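Novice: Let me begin by handing over the structure; questions about it come next.
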Amino acid sequence: MSINGLWKKKRIWVIPVYGFFYMAAFVFLENNSSAKLHMIHSVIDDQIPFCEYFIIPYLMWFLYITCVICYFAFGKRSSKEYYQLLVSLGTGMTVFIITCFVYPNGQALRPELTGDGIFIKLVEMLYHMDTPTNVLPSMHVFCSSACWLALYEHTRGRIEKQKDNRKLKQQKAGLAGAGVLTAAIILSTVFLKQHSVIDVASAVLLNIICYQLYYKIIPLRYKKRVLSGEREESVSYF
């Protein structure tokens with residue numbers, strides 16, 4: 001499919017347009033943090049040690065999210081799968097912006113860094129660039145798990161139709177690898193003291209809601225309407 005075709009059919013213009021407004025809103029929140037921040041903390045956070053090596057999966061998040069979005073946007077994937085991922089991500093990111101606007105939040109979990117190793121230097125750079133504010137819910141957790149769920153649904157559909165054992169193993173291995181990376185990214189948020197477990201739990205809960213809504217409830221409603229005798233073209237999916 002040509003770029004023009006993708007532009008019209010999958011409306012890939014939504015990605016840069018929403019991305020611009022999201023970043024503008026995020027920068028506004030970062031630069032206008034309220035003096036009365038609600039500090040996010042759990043006793044569990046105090047039991048989790050700092051580990052600078054988790055900077056690797058934490059930074060890999062940016063490449064992971066980009067690759068998954070491009071996979072569904074530019075690959076030969078169905079528009080349905082593309083929109084499910086896009087709307088899930090958009091919902092979570094919008095909820096995050098609204099939450100931080102009406103409930104200014106932050107954390108004070110970061111330790112004093114010592115040493116001059118490469119991993120410590122990378123964490124120092126991260127701390128310098130990313131303020132410990134606007135942390136609830138964690139977008140690292142939400143977006144990475146949303147992307148994995150999109151890959152899971154896509155791979156599950158392919159596995160059901162796949163008869164080639166070699167390709168079947170490759171698809172399962174790819175999904176498992178993405179799952180390991182997703183888990184490492186989630187863990188990195190607490191081991192780097194970027195987020196509280198409360199941020200993580202709220203992101204997981206938000207993801208469960210989005211998954212049920214966009215992958216279960218709406219598709220089932222769509223299917224019922226089609227089976228009821230309505231023309232498929234007249235039934236709005238999203």
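Each chain in the structure tokens gets a letter, A, B and so on, in the order shown; residues start at 1 in every chain, and ligands are counted from 1 in the order they appear.
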Where does region 8-114 of chain A meet region 177-189 of chain A within 7 Å, residue by residue, with the nearest atom pair and distance in Å to one decimal for each, counting only C-alpha atoms, listed by chain and rising number, as JSON lines?

Specialist:
```
{"residue": "A:Phe54", "atom": "CA", "partner": "A:Ser188", "partner_atom": "CA", "distance": 4.9}
{"residue": "A:Ile55", "atom": "CA", "partner": "A:Ser188", "partner_atom": "CA", "distance": 6.8}
{"residue": "A:Pro57", "atom": "CA", "partner": "A:Ile185", "partner_atom": "CA", "distance": 5.1}
{"residue": "A:Tyr58", "atom": "CA", "partner": "A:Ile185", "partner_atom": "CA", "distance": 5.3}
{"residue": "A:Trp61", "atom": "CA", "partner": "A:Ile185", "partner_atom": "CA", "distance": 6.6}
```

Novice: For region 138-219 of chain A against region 20-42 of chain A, with a cut-off of 8 Å and counting only C-alpha atoms, what is the closest atom pair and its distance in Å to one decimal for every residue that makes the cut, ordered by chain and number, as a tab-separated table?

Specialist:
```
residue	atom	partner	partner_atom	distance
A:Ser196	CA	A:His41	CA	5.9
A:Val197	CA	A:Ser42	CA	6.9
A:Ile198	CA	A:Ser42	CA	6.9
A:Asp199	CA	A:Ile40	CA	7.8
```

Novice: Residues at most 8 Å from Leu86 (chain A), counting only C-alpha atoms, excluding those fewer than 4 positions away in the same chain, as number ranges by chain?

Specialist: A: 69, 82, 90

Novice: Would you export the selected residues with all heavy atoms as a CSV table (one decimal), in the first residue's frame, please?

Specialist:
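To be explicit, this is the file written out as again_1.csv:
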```
chain,number,residue,atom,x,y,z
A,69,ILE,N,4.2,0.6,16.8
A,69,ILE,CA,3.3,1.5,16.1
A,69,ILE,C,3.5,1.4,14.6
A,69,ILE,O,2.6,1.3,13.8
A,69,ILE,CB,3.4,2.9,16.6
A,69,ILE,CG1,2.9,3.0,18.1
A,69,ILE,CG2,2.6,3.9,15.7
A,69,ILE,CD1,3.1,4.4,18.7
A,82,TYR,N,-4.8,-1.9,13.9
A,82,TYR,CA,-4.1,-0.6,14.0
A,82,TYR,C,-4.9,0.4,14.9
A,82,TYR,O,-4.4,1.1,15.8
A,82,TYR,CB,-4.0,0.0,12.6
A,82,TYR,CG,-3.6,1.4,12.5
A,82,TYR,CD1,-2.3,1.9,12.9
A,82,TYR,CD2,-4.5,2.4,12.1
A,82,TYR,CE1,-1.9,3.2,12.8
A,82,TYR,CE2,-4.1,3.7,12.0
A,82,TYR,CZ,-2.8,4.1,12.4
A,82,TYR,OH,-2.5,5.5,12.3
A,90,GLY,N,-4.1,6.3,22.8
A,90,GLY,CA,-4.6,7.6,22.9
A,90,GLY,C,-5.4,7.8,24.2
A,90,GLY,O,-5.4,8.9,24.8
```

Novice: Between A:Cys70, A:Met60, A:Val95, A:Lys193, which is the closest to Tyr127 (chain A) once you count only C-alpha atoms?

Specialist: A:Lys193

Novice: Residues at most 8 Å from region 206-214 of chain A, counting only C-alpha atoms, excluding those fewer than 5 positions away in the same chain, as an MDAnalysis selection string?

Specialist: chainID A and resid 84 87:88 91:92 142 145:146 149 219

Novice: What does the structure give for the distance between CA of Gln47 (chain A) and CA of Ser138 (chain A), in Å to one decimal?

Specialist: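 CA of Ser138 (chain A) lies 19.3 Å from CA of Gln47 (chain A).
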
Novice: Write down as a PyMOL selection string the residues of region 29-120 of chain A whose backbone DSSP state falls under helix (DSSP H, G or I).

Specialist: chain A and resi 29-31+45-47+52-74+79-102+118-120

Novice: For CA of Leu175 (chain A) and CA of Phe62 (chain A), determine how far apart the two atoms are, in Å to one decimal place.

Specialist: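 Taking CA of Leu175 (chain A) and CA of Phe62 (chain A), their separation equals 18.2 Å.
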
Novice: Residues near region 167-171 of chain A, anyone? I mean within 9 Å using only C-alpha atoms, not counting same-chain ones fewer than 5 positions away, as JSON, numbers by chain.

Specialist: {"A": [155, 158, 159, 162, 176]}

Novice: Write the residues of the preceding selection, restricted to C-alpha atoms, as a PDB file, in the first residue's frame.

Specialist:
```pdb
ATOM      1  CA  THR A 155      -0.168 -13.120  17.006  1.00  0.00           C
ATOM      2  CA  ARG A 158      -2.110 -15.634  13.129  1.00  0.00           C
ATOM      3  CA  ILE A 159      -1.315 -18.716  15.209  1.00  0.00           C
ATOM      4  CA  GLN A 162      -0.849 -20.957  10.872  1.00  0.00           C
ATOM      5  CA  ALA A 176       7.589 -14.179  24.148  1.00  0.00           C
TER       6      ALA A 176
END
```

Novice: To one decimal place in Å, what is the distance between CA of Asn165 (chain A) and CA of Ser79 (chain A)?

Specialist: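 Distance reported for this atom pair: 27.0 Å.
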